[in-house]
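Take a look at the structure below.
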Amino acid sequence: VCHADSASDPAPALLALDAEAVIAGPRGERRLPMTGFFQGTLTTALGGDELLAAIRIPRPAAGTASRF
């Protein structure tokens with residue numbers, strides 16, 4: 001995910017599921033929608049001193065399902 005390879009399998013699923021990146025660094029933690037995390041091929045919003053600490057996927061509404 002942090003490599004932002006446009007051919008990676010997880011990226012489209014995370015975008016479709018409205019996932020959010022939890023980014024940690026020396027200035028604390030910040031959250032960013034995956035639509036903002038991926039900035040282009042091989043480019044993310046991570047700073048040189050930050051890391052991807054978690055990916056949060058919203059709980060789907062009752063009675064819904066997804067497949068990947």
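Chain lettering (A, B, ...) mirrors the order of the structure tokens, residue numbering begins at 1 for each chain separately, and ligand numbering begins at 1 in order of display.
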Residue list (alpha helix (DSSP H), DSSP) for chain A, as an MDAnalysis selection string: chainID A and resid 10:16 34:37
Take the residues that were just selected and, keeping N, CA, C and O atoms, output them as a PDB file, in the first residue's frame.
```
ATOM      1  N   PRO A  10      -4.609  -4.371  -3.267  1.00  0.00           N
ATOM      2  CA  PRO A  10      -5.391  -3.742  -2.199  1.00  0.00           C
ATOM      3  C   PRO A  10      -5.889  -2.324  -2.516  1.00  0.00           C
ATOM      4  O   PRO A  10      -6.946  -1.934  -2.040  1.00  0.00           O
ATOM      5  N   ALA A  11      -5.159  -1.554  -3.284  1.00  0.00           N
ATOM      6  CA  ALA A  11      -5.498  -0.148  -3.488  1.00  0.00           C
ATOM      7  C   ALA A  11      -6.918   0.075  -4.007  1.00  0.00           C
ATOM      8  O   ALA A  11      -7.671   0.857  -3.422  1.00  0.00           O
ATOM      9  N   PRO A  12      -7.369  -0.578  -5.082  1.00  0.00           N
ATOM     10  CA  PRO A  12      -8.725  -0.322  -5.566  1.00  0.00           C
ATOM     11  C   PRO A  12      -9.803  -0.706  -4.550  1.00  0.00           C
ATOM     12  O   PRO A  12     -10.810  -0.019  -4.424  1.00  0.00           O
ATOM     13  N   ALA A  13      -9.565  -1.796  -3.820  1.00  0.00           N
ATOM     14  CA  ALA A  13     -10.541  -2.210  -2.811  1.00  0.00           C
ATOM     15  C   ALA A  13     -10.628  -1.174  -1.697  1.00  0.00           C
ATOM     16  O   ALA A  13     -11.725  -0.819  -1.249  1.00  0.00           O
ATOM     17  N   LEU A  14      -9.484  -0.665  -1.243  1.00  0.00           N
ATOM     18  CA  LEU A  14      -9.484   0.345  -0.183  1.00  0.00           C
ATOM     19  C   LEU A  14     -10.171   1.625  -0.639  1.00  0.00           C
ATOM     20  O   LEU A  14     -10.903   2.253   0.126  1.00  0.00           O
ATOM     21  N   LEU A  15      -9.963   2.003  -1.877  1.00  0.00           N
ATOM     22  CA  LEU A  15     -10.632   3.184  -2.414  1.00  0.00           C
ATOM     23  C   LEU A  15     -12.142   2.959  -2.495  1.00  0.00           C
ATOM     24  O   LEU A  15     -12.932   3.826  -2.107  1.00  0.00           O
ATOM     25  N   ALA A  16     -12.554   1.804  -2.971  1.00  0.00           N
ATOM     26  CA  ALA A  16     -13.982   1.502  -3.115  1.00  0.00           C
ATOM     27  C   ALA A  16     -14.691   1.409  -1.767  1.00  0.00           C
ATOM     28  O   ALA A  16     -15.872   1.734  -1.662  1.00  0.00           O
ATOM     29  N   MET A  34      -8.176   7.416   1.861  1.00  0.00           N
ATOM     30  CA  MET A  34      -7.251   6.791   0.912  1.00  0.00           C
ATOM     31  C   MET A  34      -7.226   7.548  -0.415  1.00  0.00           C
ATOM     32  O   MET A  34      -6.225   7.518  -1.128  1.00  0.00           O
ATOM     33  N   THR A  35      -8.316   8.253  -0.742  1.00  0.00           N
ATOM     34  CA  THR A  35      -8.322   9.067  -1.967  1.00  0.00           C
ATOM     35  C   THR A  35      -7.276  10.172  -1.895  1.00  0.00           C
ATOM     36  O   THR A  35      -6.781  10.615  -2.923  1.00  0.00           O
ATOM     37  N   GLY A  36      -6.922  10.615  -0.704  1.00  0.00           N
ATOM     38  CA  GLY A  36      -5.869  11.613  -0.530  1.00  0.00           C
ATOM     39  C   GLY A  36      -4.518  10.986  -0.259  1.00  0.00           C
ATOM     40  O   GLY A  36      -3.477  11.592  -0.512  1.00  0.00           O
ATOM     41  N   PHE A  37      -4.531   9.768   0.278  1.00  0.00           N
ATOM     42  CA  PHE A  37      -3.279   9.069   0.576  1.00  0.00           C
ATOM     43  C   PHE A  37      -2.526   8.737  -0.711  1.00  0.00           C
ATOM     44  O   PHE A  37      -1.334   8.969  -0.825  1.00  0.00           O
TER      45      PHE A  37
END
```
Could you work out how far CA of Pro26 (chain A) lies from CA of Asp5 (chain A), giving the answer in Å with one decimal? 25.9 Å
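Interatomic distance, CA of Gly25 (chain A) against CA of Ala53 (chain A): 9.2 Å.
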Tell me, in Å to one decimal, how far CA of Ser8 (chain A) is from CA of Arg31 (chain A). 21.7 Å
Looking only at strand (DSSP E) from DSSP on the backbone, list the matching residues of chain A as a list in words.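 DSSP on the backbone gives strand (DSSP E) at Glu20, Ala21, Val22, Ile23, Ala24, Gly25, Gly28, Glu29, Arg30, Arg31, Leu32, Pro33, Phe38, Gln39, Gly40, Thr43, Thr44, Leu51, Leu52, Ala53, Ala54, Ile55 and Arg56 of chain A.
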